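**Q** See my_file02.pdb below, with PDB, C-alpha atoms.
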ATOM      1  CA  MET A  29     -17.984   4.359  -0.527
ATOM      2  CA  SER A  30     -19.429   5.771  -3.743
ATOM      3  CA  GLN A  31     -18.583   4.104  -7.054
ATOM      4  CA  LYS A  32     -16.524   7.157  -8.012
ATOM      5  CA  LEU A  33     -14.407   6.944  -4.853
ATOM      6  CA  HIS A  34     -14.167   3.168  -5.239
ATOM      7  CA  ASP A  35     -12.809   3.441  -8.789
ATOM      8  CA  HIS A  36     -10.426   6.239  -7.831
ATOM      9  CA  ALA A  37      -9.046   4.161  -4.967
ATOM     10  CA  LEU A  38      -8.284   1.218  -7.253
ATOM     11  CA  GLN A  39      -6.611   3.480  -9.796
ATOM     12  CA  SER A  40      -4.441   5.098  -7.142
ATOM     13  CA  GLN A  41      -3.290   1.712  -5.816
ATOM     14  CA  LYS A  42      -2.180   0.195  -9.127
ATOM     15  CA  GLN A  43       1.022  -1.294  -7.683
ATOM     16  CA  VAL A  44      -0.935  -3.065  -4.961
ATOM     17  CA  ILE A  45      -3.496  -4.328  -7.474
ATOM     18  CA  ASP A  46      -0.654  -5.627  -9.660
ATOM     19  CA  ARG A  47       0.801  -7.454  -6.663
ATOM     20  CA  LEU A  48      -2.538  -9.086  -5.855
ATOM     21  CA  THR A  49      -2.933 -10.058  -9.505
ATOM     22  CA  MET A  50       0.447 -11.791  -9.403
ATOM     23  CA  ILE A  51      -0.503 -13.617  -6.193
ATOM     24  CA  HIS A  52      -3.583 -14.950  -7.954
ATOM     25  CA  LYS A  53      -1.686 -15.814 -11.137
ATOM     26  CA  ARG A  54       0.873 -17.880  -9.244
ATOM     27  CA  GLN A  55      -1.816 -19.336  -6.963
ATOM     28  CA  ARG A  56       0.254 -18.449  -3.921
ATOM     29  CA  ILE A  57      -2.715 -17.284  -1.906
ATOM     30  CA  GLY A  58      -1.968 -16.896   1.788
ATOM     31  CA  HIS A  59      -4.390 -17.623   4.585
ATOM     32  CA  ALA A  60      -4.124 -14.121   6.075
ATOM     33  CA  TYR A  61      -3.258 -10.598   4.928
ATOM     34  CA  ILE A  62      -3.030  -7.170   6.545
ATOM     35  CA  PHE A  63      -3.797  -4.241   4.256
ATOM     36  CA  ASP A  64      -2.510  -1.105   5.963
ATOM     37  CA  GLY A  65      -2.683   2.462   4.779
ATOM     38  CA  SER A  66      -3.875   5.924   5.720
ATOM     39  CA  ASN A  67      -7.518   6.975   5.815
ATOM     40  CA  GLY A  68      -8.784   7.370   2.271
ATOM     41  CA  ALA A  69      -6.092   5.170   0.742
ATOM     42  CA  GLY A  70      -8.759   2.738  -0.480
ATOM     43  CA  LYS A  71      -8.286  -0.290   1.777
ATOM     44  CA  GLU A  72     -11.901  -1.452   1.549
ATOM     45  CA  ALA A  73     -12.000  -1.030  -2.222
ATOM     46  CA  VAL A  74      -8.797  -3.055  -2.610
ATOM     47  CA  ALA A  75     -10.090  -5.719  -0.202
ATOM     48  CA  GLN A  76     -13.309  -6.062  -2.199
ATOM     49  CA  TYR A  77     -11.330  -6.320  -5.444
ATOM     50  CA  PHE A  78      -9.128  -9.081  -3.995
ATOM     51  CA  THR A  79     -12.171 -10.916  -2.630
ATOM     52  CA  LYS A  80     -13.805 -10.832  -6.050
ATOM     53  CA  LEU A  81     -10.596 -12.117  -7.620
ATOM     54  CA  LEU A  82     -10.416 -15.007  -5.156
ATOM     55  CA  LEU A  83     -14.038 -16.039  -5.697
ATOM     56  CA  CYS A  84     -14.691 -15.006  -9.301
ATOM     57  CA  MET A  85     -16.203 -17.793 -11.398
ATOM     58  CA  ASP A  86     -14.636 -16.569 -14.644
ATOM     59  CA  PRO A  87     -11.567 -14.357 -14.087
ATOM     60  CA  LYS A  88     -10.048 -12.852 -17.241
ATOM     61  CA  GLU A  89      -6.237 -12.725 -17.175
ATOM     62  CA  ASN A  90      -6.302 -12.762 -13.372
ATOM     63  CA  VAL A  91      -8.830  -9.928 -13.173
ATOM     64  CA  PRO A  92     -12.340 -10.453 -11.736
ATOM     65  CA  CYS A  93     -14.969 -10.512 -14.480
ATOM     66  CA  GLU A  94     -17.396  -8.313 -12.462
ATOM     67  CA  THR A  95     -20.347  -9.978 -14.204
ATOM     68  CA  CYS A  96     -20.570 -13.479 -12.740
ATOM     69  CA  ASN A  97     -22.964 -14.363  -9.938
ATOM     70  CA  SER A  98     -20.136 -14.411  -7.411
ATOM     71  CA  CYS A  99     -18.768 -10.966  -8.311
ATOM     72  CA  LYS A 100     -22.247  -9.445  -8.270
ATOM     73  CA  ARG A 101     -23.067 -10.889  -4.846
ATOM     74  CA  ILE A 102     -19.777  -9.645  -3.406
ATOM     75  CA  GLU A 103     -20.540  -6.202  -4.852
ATOM     76  CA  SER A 104     -23.950  -6.197  -3.161
ATOM     77  CA  GLY A 105     -22.635  -7.660   0.094
ATOM     78  CA  ASN A 106     -24.688 -10.855  -0.202
ATOM     79  CA  HIS A 107     -22.139 -13.583  -0.859
ATOM     80  CA  PRO A 108     -22.552 -16.349   1.772
ATOM     81  CA  ASN A 109     -18.815 -17.143   1.781
ATOM     82  CA  VAL A 110     -17.789 -13.554   2.528
ATOM     83  CA  VAL A 111     -18.071 -12.024   5.999
ATOM     84  CA  LEU A 112     -17.369  -8.367   6.785
ATOM     85  CA  ILE A 113     -16.664  -7.347  10.385
ATOM     86  CA  ARG A 114     -16.724  -3.742  11.600
ATOM     87  CA  PRO A 115     -16.331  -2.287  15.107
ATOM     88  CA  ASP A 116     -19.448  -2.686  17.223
ATOM     89  CA  GLY A 117     -19.473   0.693  18.898
ATOM     90  CA  GLN A 118     -16.045   1.512  20.284
ATOM     91  CA  ASP A 119     -14.273  -1.689  19.335
ATOM     92  CA  ILE A 120     -14.463  -5.157  17.827
ATOM     93  CA  LYS A 121     -15.583  -7.588  20.514
ATOM     94  CA  LYS A 122     -14.867 -11.218  21.315
ATOM     95  CA  ASP A 123     -18.446 -12.242  20.484
ATOM     96  CA  GLN A 124     -17.985 -10.889  16.964
ATOM     97  CA  MET A 125     -14.847 -12.983  16.523
ATOM     98  CA  SER A 126     -16.498 -16.092  17.936
ATOM     99  CA  GLU A 127     -19.461 -15.691  15.577
ATOM    100  CA  LEU A 128     -17.079 -15.118  12.672
ATOM    101  CA  ILE A 129     -15.132 -18.294  13.392
ATOM    102  CA  MET A 130     -18.366 -20.259  13.680
ATOM    103  CA  LYS A 131     -19.425 -19.015  10.236
ATOM    104  CA  MET A 132     -16.027 -19.799   8.727
ATOM    105  CA  THR A 133     -15.988 -23.354  10.074
ATOM    106  CA  LYS A 134     -19.674 -24.200   9.652
ATOM    107  CA  LYS A 135     -20.637 -26.502   6.817
ATOM    108  CA  GLY A 136     -23.496 -25.710   4.517
ATOM    109  CA  TYR A 137     -21.984 -22.711   2.753
ATOM    110  CA  GLU A 138     -21.113 -22.762  -0.913
ATOM    111  CA  GLU A 139     -18.155 -24.802  -2.087
ATOM    112  CA  GLY A 140     -14.860 -23.015  -2.445
ATOM    113  CA  ARG A 141     -12.880 -20.443  -0.545
ATOM    114  CA  LYS A 142     -14.291 -18.410   2.312
ATOM    115  CA  VAL A 143     -13.086 -14.862   2.925
ATOM    116  CA  TYR A 144     -13.487 -12.626   5.945
ATOM    117  CA  VAL A 145     -12.577  -8.953   6.075
ATOM    118  CA  ILE A 146     -12.014  -7.120   9.369
ATOM    119  CA  VAL A 147     -12.310  -3.341   9.029
ATOM    120  CA  ASN A 148     -10.384  -1.203  11.567
ATOM    121  CA  ALA A 149      -8.648  -4.325  12.845
ATOM    122  CA  GLU A 150      -6.589  -2.210  15.244
ATOM    123  CA  ARG A 151      -9.788  -1.725  17.252
ATOM    124  CA  MET A 152     -10.116  -5.387  18.264
ATOM    125  CA  ASN A 153     -10.149  -5.553  22.049
ATOM    126  CA  SER A 154      -7.702  -7.958  23.688
ATOM    127  CA  SER A 155     -10.226 -10.804  23.932
ATOM    128  CA  ALA A 156     -11.218 -10.454  20.278
ATOM    129  CA  ALA A 157      -7.597 -10.291  19.153
ATOM    130  CA  ASN A 158      -6.666 -13.400  21.117
ATOM    131  CA  THR A 159      -9.698 -15.273  19.755
ATOM    132  CA  LEU A 160      -8.702 -14.374  16.209
ATOM    133  CA  LEU A 161      -5.082 -15.327  16.925
ATOM    134  CA  LYS A 162      -6.072 -18.884  17.821
ATOM    135  CA  PHE A 163      -7.981 -19.195  14.543
ATOM    136  CA  LEU A 164      -5.035 -17.788  12.566
ATOM    137  CA  GLU A 165      -2.720 -20.293  14.221
ATOM    138  CA  GLU A 166      -4.917 -23.227  13.256
ATOM    139  CA  PRO A 167      -7.067 -22.177  10.263
ATOM    140  CA  GLU A 168      -9.705 -24.694   9.217
ATOM    141  CA  GLY A 169     -10.424 -25.288   5.558
ATOM    142  CA  ASN A 170      -9.925 -22.987   2.583
ATOM    143  CA  VAL A 171     -10.173 -19.647   4.382
ATOM    144  CA  THR A 172      -8.518 -16.282   3.718
ATOM    145  CA  ALA A 173      -8.464 -13.411   6.213
ATOM    146  CA  ILE A 174      -8.031  -9.765   5.205
ATOM    147  CA  LEU A 175      -7.410  -7.312   8.054
ATOM    148  CA  LEU A 176      -7.657  -3.592   7.272
ATOM    149  CA  THR A 177      -5.927  -0.987   9.428
ATOM    150  CA  ASN A 178      -4.569   2.541   9.408
ATOM    151  CA  SER A 179      -2.422   1.730  12.442
ATOM    152  CA  TYR A 180      -0.289  -1.338  11.760
ATOM    153  CA  PRO A 181       1.738  -0.990  15.005
ATOM    154  CA  SER A 182      -1.512  -1.321  16.985
ATOM    155  CA  ILE A 183      -2.068  -4.855  15.688
ATOM    156  CA  LEU A 184      -0.762  -7.586  18.024
ATOM    157  CA  PRO A 185       2.747  -8.633  16.933
ATOM    158  CA  THR A 186       1.637 -12.272  17.110
ATOM    159  CA  ILE A 187      -1.135 -11.492  14.608
ATOM    160  CA  GLN A 188       1.257  -9.489  12.428
ATOM    161  CA  SER A 189       3.625 -12.460  12.231
ATOM    162  CA  ARG A 190       0.856 -14.710  10.879
ATOM    163  CA  CYS A 191      -0.262 -12.346   8.134
ATOM    164  CA  GLN A 192       1.272 -11.078   4.927
ATOM    165  CA  ARG A 193       1.517  -7.313   5.074
ATOM    166  CA  ILE A 194       0.457  -5.316   2.024
ATOM    167  CA  SER A 195       0.972  -1.581   2.475
ATOM    168  CA  LEU A 196      -1.108   0.746   0.379
ATOM    169  CA  GLN A 197       0.644   3.683  -1.187
ATOM    170  CA  SER A 198       0.364   7.131   0.341
ATOM    171  CA  MET A 199      -0.748   9.786  -2.066
ATOM    172  CA  ASN A 200       1.526  12.746  -2.775
ATOM    173  CA  ARG A 201      -0.016  15.337  -0.478
ATOM    174  CA  GLN A 202       1.237  18.378  -2.394
ATOM    175  CA  SER A 203      -0.217  17.000  -5.621
ATOM    176  CA  SER A 204      -3.510  16.378  -3.818
ATOM    177  CA  ILE A 205      -3.555  19.961  -2.514
ATOM    178  CA  GLU A 206      -2.925  21.303  -6.006
ATOM    179  CA  SER A 207      -5.730  19.144  -7.418
ATOM    180  CA  LEU A 208      -8.159  20.442  -4.801
ATOM    181  CA  VAL A 209      -7.178  24.060  -5.423
ATOM    182  CA  GLU A 210      -7.865  23.499  -9.137
ATOM    183  CA  LYS A 211     -11.344  22.323  -8.119
ATOM    184  CA  GLY A 212     -11.939  25.598  -6.257
ATOM    185  CA  VAL A 213     -11.004  24.604  -2.694
ATOM    186  CA  THR A 214      -8.950  27.223  -0.842
ATOM    187  CA  ALA A 215      -5.312  26.328  -0.236
ATOM    188  CA  SER A 216      -5.839  26.415   3.534
ATOM    189  CA  MET A 217      -8.835  24.097   3.473
ATOM    190  CA  ALA A 218      -7.041  21.809   0.991
ATOM    191  CA  SER A 219      -4.091  21.582   3.378
ATOM    192  CA  THR A 220      -6.418  20.551   6.199
ATOM    193  CA  VAL A 221      -8.570  17.969   4.419
ATOM    194  CA  THR A 222      -5.556  16.227   2.864
ATOM    195  CA  MET A 223      -4.425  15.500   6.414
ATOM    196  CA  MET A 224      -7.781  13.857   7.118
ATOM    197  CA  THR A 225      -7.816  11.571   4.074
ATOM    198  CA  ALA A 226      -5.412  10.542   1.322
ATOM    199  CA  ASN A 227      -8.244  10.250  -1.220
ATOM    200  CA  VAL A 228      -8.591  13.428  -3.292
ATOM    201  CA  GLU A 229     -12.280  12.854  -4.083
ATOM    202  CA  ALA A 230     -13.093  12.187  -0.428
ATOM    203  CA  ALA A 231     -11.080  15.254   0.579
ATOM    204  CA  TYR A 232     -13.035  17.377  -1.896
ATOM    205  CA  GLU A 233     -16.351  16.132  -0.525
ATOM    206  CA  MET A 234     -15.167  16.852   3.024
ATOM    207  CA  ALA A 235     -14.182  20.405   2.073
ATOM    208  CA  GLN A 236     -17.745  21.007   0.827
ATOM    209  CA  GLU A 237     -19.376  19.886   4.085
ATOM    210  CA  ASP A 238     -20.606  22.767   6.220
ATOM    211  CA  SER A 239     -20.241  20.577   9.308
ATOM    212  CA  PHE A 240     -16.542  20.009   8.641
ATOM    213  CA  VAL A 241     -15.943  23.711   7.991
ATOM    214  CA  GLN A 242     -17.643  24.506  11.304
ATOM    215  CA  ARG A 243     -15.683  21.777  13.103
ATOM    216  CA  ARG A 244     -12.414  23.180  11.794
ATOM    217  CA  ARG A 245     -13.409  26.634  13.013
ATOM    218  CA  LEU A 246     -14.306  25.312  16.469
ATOM    219  CA  VAL A 247     -10.952  23.539  16.808
ATOM    220  CA  LEU A 248      -9.051  26.737  16.033
ATOM    221  CA  LYS A 249     -11.143  28.571  18.642
ATOM    222  CA  LEU A 250     -10.366  25.834  21.148
ATOM    223  CA  VAL A 251      -6.636  26.237  20.495
ATOM    224  CA  GLU A 252      -6.982  29.944  21.262
ATOM    225  CA  ALA A 253      -8.907  29.214  24.460
ATOM    226  CA  ILE A 254      -6.269  26.708  25.590
ATOM    227  CA  GLU A 255      -3.366  29.018  24.809
ATOM    228  CA  GLN A 256      -4.950  31.903  26.740
ATOM    229  CA  ARG A 257      -4.314  29.699  29.787
ATOM    230  CA  THR A 258      -7.625  30.626  31.398
ATOM    231  CA  PRO A 259      -9.180  27.305  32.499
ATOM    232  CA  GLY A 260     -12.625  28.728  33.099
ATOM    233  CA  GLU A 261     -12.936  30.127  29.598
ATOM    234  CA  ALA A 262     -11.689  26.941  27.940
ATOM    235  CA  LEU A 263     -14.028  24.758  30.005
ATOM    236  CA  LEU A 264     -16.968  27.029  29.203
ATOM    237  CA  PHE A 265     -16.092  26.767  25.507
ATOM    238  CA  ILE A 266     -16.231  22.955  25.738
ATOM    239  CA  GLN A 267     -19.663  23.056  27.344
ATOM    240  CA  THR A 268     -21.301  25.790  25.271
ATOM    241  CA  ASP A 269     -19.666  25.506  21.850
ATOM    242  CA  TRP A 270     -17.822  22.205  21.401
ATOM    243  CA  MET A 271     -20.153  19.552  22.810
ATOM    244  CA  PRO A 272     -23.397  20.793  21.191
ATOM    245  CA  PHE A 273     -21.707  20.466  17.802
ATOM    246  CA  MET A 274     -19.769  17.271  18.552
ATOM    247  CA  LYS A 275     -22.754  15.093  19.499
ATOM    248  CA  GLU A 276     -21.580  11.914  17.807
ATOM    249  CA  LYS A 277     -18.442  10.015  18.753
ATOM    250  CA  SER A 278     -17.233  10.226  15.156
ATOM    251  CA  ASP A 279     -17.602  14.014  15.274
ATOM    252  CA  CYS A 280     -15.566  14.189  18.457
ATOM    253  CA  GLU A 281     -12.901  11.896  17.005
ATOM    254  CA  GLN A 282     -12.606  14.104  13.948
ATOM    255  CA  GLY A 283     -12.361  17.146  16.210
ATOM    256  CA  LEU A 284      -9.525  15.557  18.183
ATOM    257  CA  ASP A 285      -7.707  14.753  14.949
ATOM    258  CA  LEU A 286      -8.004  18.386  13.884
ATOM    259  CA  LEU A 287      -6.754  19.507  17.302
ATOM    260  CA  LEU A 288      -3.797  17.138  17.020
ATOM    261  CA  PHE A 289      -2.891  18.540  13.608
ATOM    262  CA  ALA A 290      -3.053  22.070  15.005
ATOM    263  CA  TYR A 291      -0.491  21.348  17.724
ATOM    264  CA  ARG A 292       1.703  19.446  15.298
ATOM    265  CA  ASP A 293       1.599  22.614  13.194
ATOM    266  CA  ILE A 294       2.794  24.671  16.140
ATOM    267  CA  VAL A 295       5.717  22.295  16.609
ATOM    268  CA  ALA A 296       6.482  22.445  12.876
ATOM    269  CA  VAL A 297       6.427  26.249  12.909
ATOM    270  CA  LYS A 298       8.719  26.300  15.939
ATOM    271  CA  ALA A 299      11.125  24.050  14.024
ATOM    272  CA  GLY A 300      10.920  26.194  10.879
ATOM    273  CA  LEU A 301       8.958  23.640   8.824
ATOM    274  CA  GLN A 302       6.061  25.835   7.733
ATOM    275  CA  SER A 303       5.662  24.103   4.368
ATOM    276  CA  THR A 304       4.199  20.988   6.014
ATOM    277  CA  ILE A 305       1.460  22.561   8.131
ATOM    278  CA  SER A 306      -2.249  21.709   8.041
ATOM    279  CA  TYR A 307      -3.510  25.244   8.737
ATOM    280  CA  PRO A 308      -1.470  27.669   6.605
ATOM    281  CA  ASP A 309      -4.052  30.400   7.253
ATOM    282  CA  GLN A 310      -3.060  30.246  10.940
ATOM    283  CA  LEU A 311       0.677  30.679  10.370
ATOM    284  CA  GLU A 312       0.926  34.055  12.144
ATOM    285  CA  VAL A 313      -1.175  32.899  15.112
ATOM    286  CA  PHE A 314       0.668  29.592  15.432
ATOM    287  CA  THR A 315       4.016  31.427  15.279
ATOM    288  CA  GLY A 316       2.951  33.342  18.378
ATOM    289  CA  HIS A 317       1.960  30.123  20.152
ATOM    290  CA  SER A 318       5.245  28.467  19.180
ATOM    291  CA  VAL A 319       7.228  31.248  20.866
ATOM    292  CA  LYS A 320       5.260  30.915  24.125
ATOM    293  CA  ASN A 321       5.578  27.113  24.288
ATOM    294  CA  THR A 322       8.642  24.965  24.840
ATOM    295  CA  TYR A 323       9.105  21.746  22.880
ATOM    296  CA  SER A 324       8.483  19.785  26.073
ATOM    297  CA  SER A 325       5.180  21.571  26.797
ATOM    298  CA  LEU A 326       4.030  20.987  23.215
ATOM    299  CA  THR A 327       4.946  17.307  23.546
ATOM    300  CA  VAL A 328       2.778  17.065  26.662
ATOM    301  CA  LYS A 329      -0.137  18.673  24.820
ATOM    302  CA  ILE A 330       0.169  16.367  21.824
ATOM    303  CA  ASP A 331       0.409  13.338  24.125
ATOM    304  CA  ALA A 332      -2.712  14.539  25.922
ATOM    305  CA  VAL A 333      -4.683  14.620  22.656
ATOM    306  CA  LEU A 334      -3.428  11.137  21.742
ATOM    307  CA  GLN A 335      -4.503   9.856  25.174
ATOM    308  CA  ALA A 336      -7.932  11.436  24.686
ATOM    309  CA  LYS A 337      -8.307   9.706  21.319
ATOM    310  CA  LYS A 338      -7.694   6.361  23.009
ATOM    311  CA  ARG A 339     -10.115   7.055  25.854
ATOM    312  CA  LEU A 340     -12.811   8.154  23.433
ATOM    313  CA  HIS A 341     -13.317   4.470  22.570
ATOM    314  CA  GLN A 342     -13.496   3.336  26.196
ATOM    315  CA  ASN A 343     -17.037   4.497  27.010
ATOM    316  CA  MET A 344     -15.774   7.542  28.874
ATOM    317  CA  ASN A 345     -18.177  10.480  29.175
ATOM    318  CA  ARG A 346     -17.190  12.737  26.289
ATOM    319  CA  THR A 347     -17.798  16.012  28.096
ATOM    320  CA  LEU A 348     -15.630  14.873  31.011
ATOM    321  CA  LEU A 349     -13.015  13.596  28.561
ATOM    322  CA  LEU A 350     -12.739  16.981  26.836
ATOM    323  CA  GLU A 351     -12.726  18.889  30.118
ATOM    324  CA  GLN A 352      -9.854  16.757  31.396
ATOM    325  CA  LEU A 353      -8.045  17.213  28.105
ATOM    326  CA  VAL A 354      -8.274  21.007  28.328
ATOM    327  CA  LEU A 355      -7.051  21.027  31.931
ATOM    328  CA  THR A 356      -4.202  18.681  31.058
ATOM    329  CA  MET A 357      -3.092  20.836  28.153
ATOM    330  CA  GLN A 358      -3.236  24.009  30.207
ATOM    331  CA  GLU A 359      -1.549  22.580  33.283
ATOM    332  CA  GLY A 360       1.044  20.580  31.385
ATOM    333  CA  LEU A 361       0.338  17.432  33.411
ATOM    334  CA  LEU A 362      -0.995  14.168  32.038
ATOM    335  CA  PHE A 363      -3.906  12.585  33.867
ATOM    336  CA  VAL A 364      -3.277   8.945  34.789
TER
END
Would you mind writing the file out in C-alpha cells?
**A**
Amino acid sequence: MSQKLHDHALQSQKQVIDRLTMIHKRQRIGHAYIFDGSNGAGKEAVAQYFTKLLLCMDPKENVPCETCNSCKRIESGNHPNVVLIRPDGQDIKKDQMSELIMKMTKKGYEEGRKVYVIVNAERMNSSAANTLLKFLEEPEGNVTAILLTNSYPSILPTIQSRCQRISLQSMNRQSSIESLVEKGVTASMASTVTMMTANVEAAYEMAQEDSFVQRRRLVLKLVEAIEQRTPGEALLFIQTDWMPFMKEKSDCEQGLDLLLFAYRDIVAVKAGLQSTISYPDQLEVFTGHSVKNTYSSLTVKIDAVLQAKKRLHQNMNRTLLLEQLVLTMQEGLLFV
C-alpha cells in the first residue's frame, strides 16, 4: 500500500482509530482481535497503526510517535516481535501457523509484547485454523493477535468467540462515485470500481489500469455469450479470449467478482433497483436479460459464480473451472 493510500485509510477509519486509542489509554489490551471490513477499507493500515501503538517506545497522548526505533522497524517490516502472515498460494497452511506459534513462544526476542497479524484470515485451511485455535485458547506470554478479514462469517465461530471484533466502516459508495467522477472517471467505471474496493484512491488507480478496463469488457462479453445460451460459443470465448488475459489466479478472481456483480445487477434491474447497479452503462442490455431469466435461474447463476470463487483456491485447473461454470450457468444445474 502506498503512503497516500495508507494515510487515506487511517483518515477514513477515524472512529476505529479512536477506539484503539481508548483501548491503549485504558490499558485494556486483549490477546486477540479480528479487524473485518470490505476490500480497500484499510485493514492493514489500521493493523499497522495499532501494532505501532502497542510497541511504541514513546507514545504521545496514546498515539504512536512514528520516530522511535520500534515504530520505524514496524514501518519497514523489520521488527523482531512482529510477524505478518499472508496466504501461501491458495490458503494459509498449518505449517505457517506452527512456525508462527514457534516464533511467538521462542525466547530470545526483544522484551515486551509480541504481535502477529494474519492477513486474509478467512483463507486459513481447517488444519491451520485449528492450530491457531489451540494457541488462542492457551496464549503464552504477552502476545496479541490481529486477524484481518473481509469475510467475518468465514472465520471459525470458535475463533470468533476468542477475539474482539472491530468492524471497519464502509465508505459511502455514492459519495465515492461522485469523488471519482470529479477526478475524471466516467460514472459507469466509477460505479464498477467502487464495488471492487471501498478506498477512493485505490478505486481511482484501478480505473486507470488498462488491464482492469479490458477485464471489465471481457466480463460483459462473457455475460452476453452465456445469455445467448449457445454452449459452444461461450466455451470458445473462455478458451480464446478469457484465459489468455486471465493468466494469474488474482486476475481470474477479479474476473469472477466482476461477473458476480453483473448478475447481481440483473437481479437488481429485475427488482426495479437500478440505482444500485455496478454497470449503469449496461442498463438496457441487463433489462433484456432480466426479462428472459426467472429469479430462480438467476439465483442458480449467482450461486455458480460463488462456487467457482471457492474452487479457484483449491488448485483446480482454471480453464476447466471456467468451462464448468459456463455450462452450469447455461444449463441451470450446479455441479457437485
**Q** Using all atoms listed in the file, which residue out of A:Pro167, A:Gln43, A:Pro108, A:Phe265 lies closest to Glu252 (chain A)?
**A**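 Of A:Pro167, A:Gln43, A:Pro108, A:Phe265, the one nearest Glu252 (chain A) is A:Phe265, counting all atoms listed in the file.
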**Q** If you measure from CA of Ser104 (chain A) to CA of Ala230 (chain A), what distance in Å do you get, rounded to one decimal?
**A**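 That distance, rounded to one decimal, is 21.5 Å.
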**Q** Looking at all atoms listed in the file, which of A:Leu184, A:Ser325, A:Ser219, A:His341 is the one that sits closest to Pro115 (chain A)?
**A**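 Under the stated criterion, the closest residue is A:His341.
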**Q** Please list as a list in words every residue within 6 Å of region 76-93 of chain A, counting only C-alpha atoms and excluding residues in the same chain fewer than 5 positions away.
**A**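 The contact residues come out as Thr49, Lys53, Ser98 and Cys99 of chain A.
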**Q** If you apply the PyMOL selection byres ((chain A and resi 222-225) around 12) to this file, what residues do you get, as a PyMOL selection string?
**A** chain A and resi 37+65-70+178+198-209+213+215-221+226-235+240+244+281-290+292-293+304-307
**Q** For Gln118 (chain A), which residue out of A:Ser195, A:Gln342, A:Gln310, A:Thr258 is the nearest one, using all atoms listed in the file?
**A**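 Closest residue, counting all atoms listed in the file: A:Gln342.
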**Q** Evaluated on this file, the PyMOL selection byres ((chain A and resi 330) around 9) picks out some residues - which ones are they, written as a PyMOL selection string?
**A** chain A and resi 287-288+291-292+325-329+331-335+357
**Q** Could you please determine the separation between CA of Leu128 (chain A) and CA of Met344 (chain A) in Å, to one decimal place?
**A**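 Here the two named atoms are 27.9 Å from each other.
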**Q** Could you tell me which residues the PyMOL selection byres ((chain A and resi 168) around 12) grabs in this file, written as a list in words?
**A** His59, Ile129, Met130, Lys131, Met132, Thr133, Lys134, Lys135, Arg141, Lys142, Lys162, Phe163, Leu164, Glu165, Glu166, Pro167, Gly169, Asn170, Val171, Thr172 and Ala173 of chain A
**Q** To one decimal in Å, tell me the separation between CA of Trp270 (chain A) and CA of Leu246 (chain A).
**A**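 Atom-to-atom, CA of Trp270 (chain A) and CA of Leu246 (chain A) are spaced 6.8 Å apart.
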**Q** Considering only C-alpha atoms, can you say which of A:Thr186, A:Thr315, A:Ser278, A:Asn321 comes closest to Gln358 (chain A)?
**A**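 Of A:Thr186, A:Thr315, A:Ser278, A:Asn321, the one nearest Gln358 (chain A), counting only C-alpha atoms, is A:Asn321.
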**Q** Which residue is closest to Ile294 (chain A)? Choose from A:Asp279, A:Glu312, A:Asp119, A:Glu351 and count all atoms listed in the file.
**A** A:Glu312
**Q** Output as JSON the centre and edge lengths (Å, one decimal) of the box along x, y and z of the file that holds every listed atom of region 42-53 of chain A after adding 8 Å on each side.
**A**
{"center_x": -1.3, "center_y": -7.8, "center_z": -8.0, "size_x": 20.6, "size_y": 32.0, "size_z": 22.2}
**Q** Which is closer to Arg193 (chain A) than all the others in A:Leu311, A:Leu176, A:Leu264, A:Ile45, using only C-alpha atoms?
**A** A:Leu176
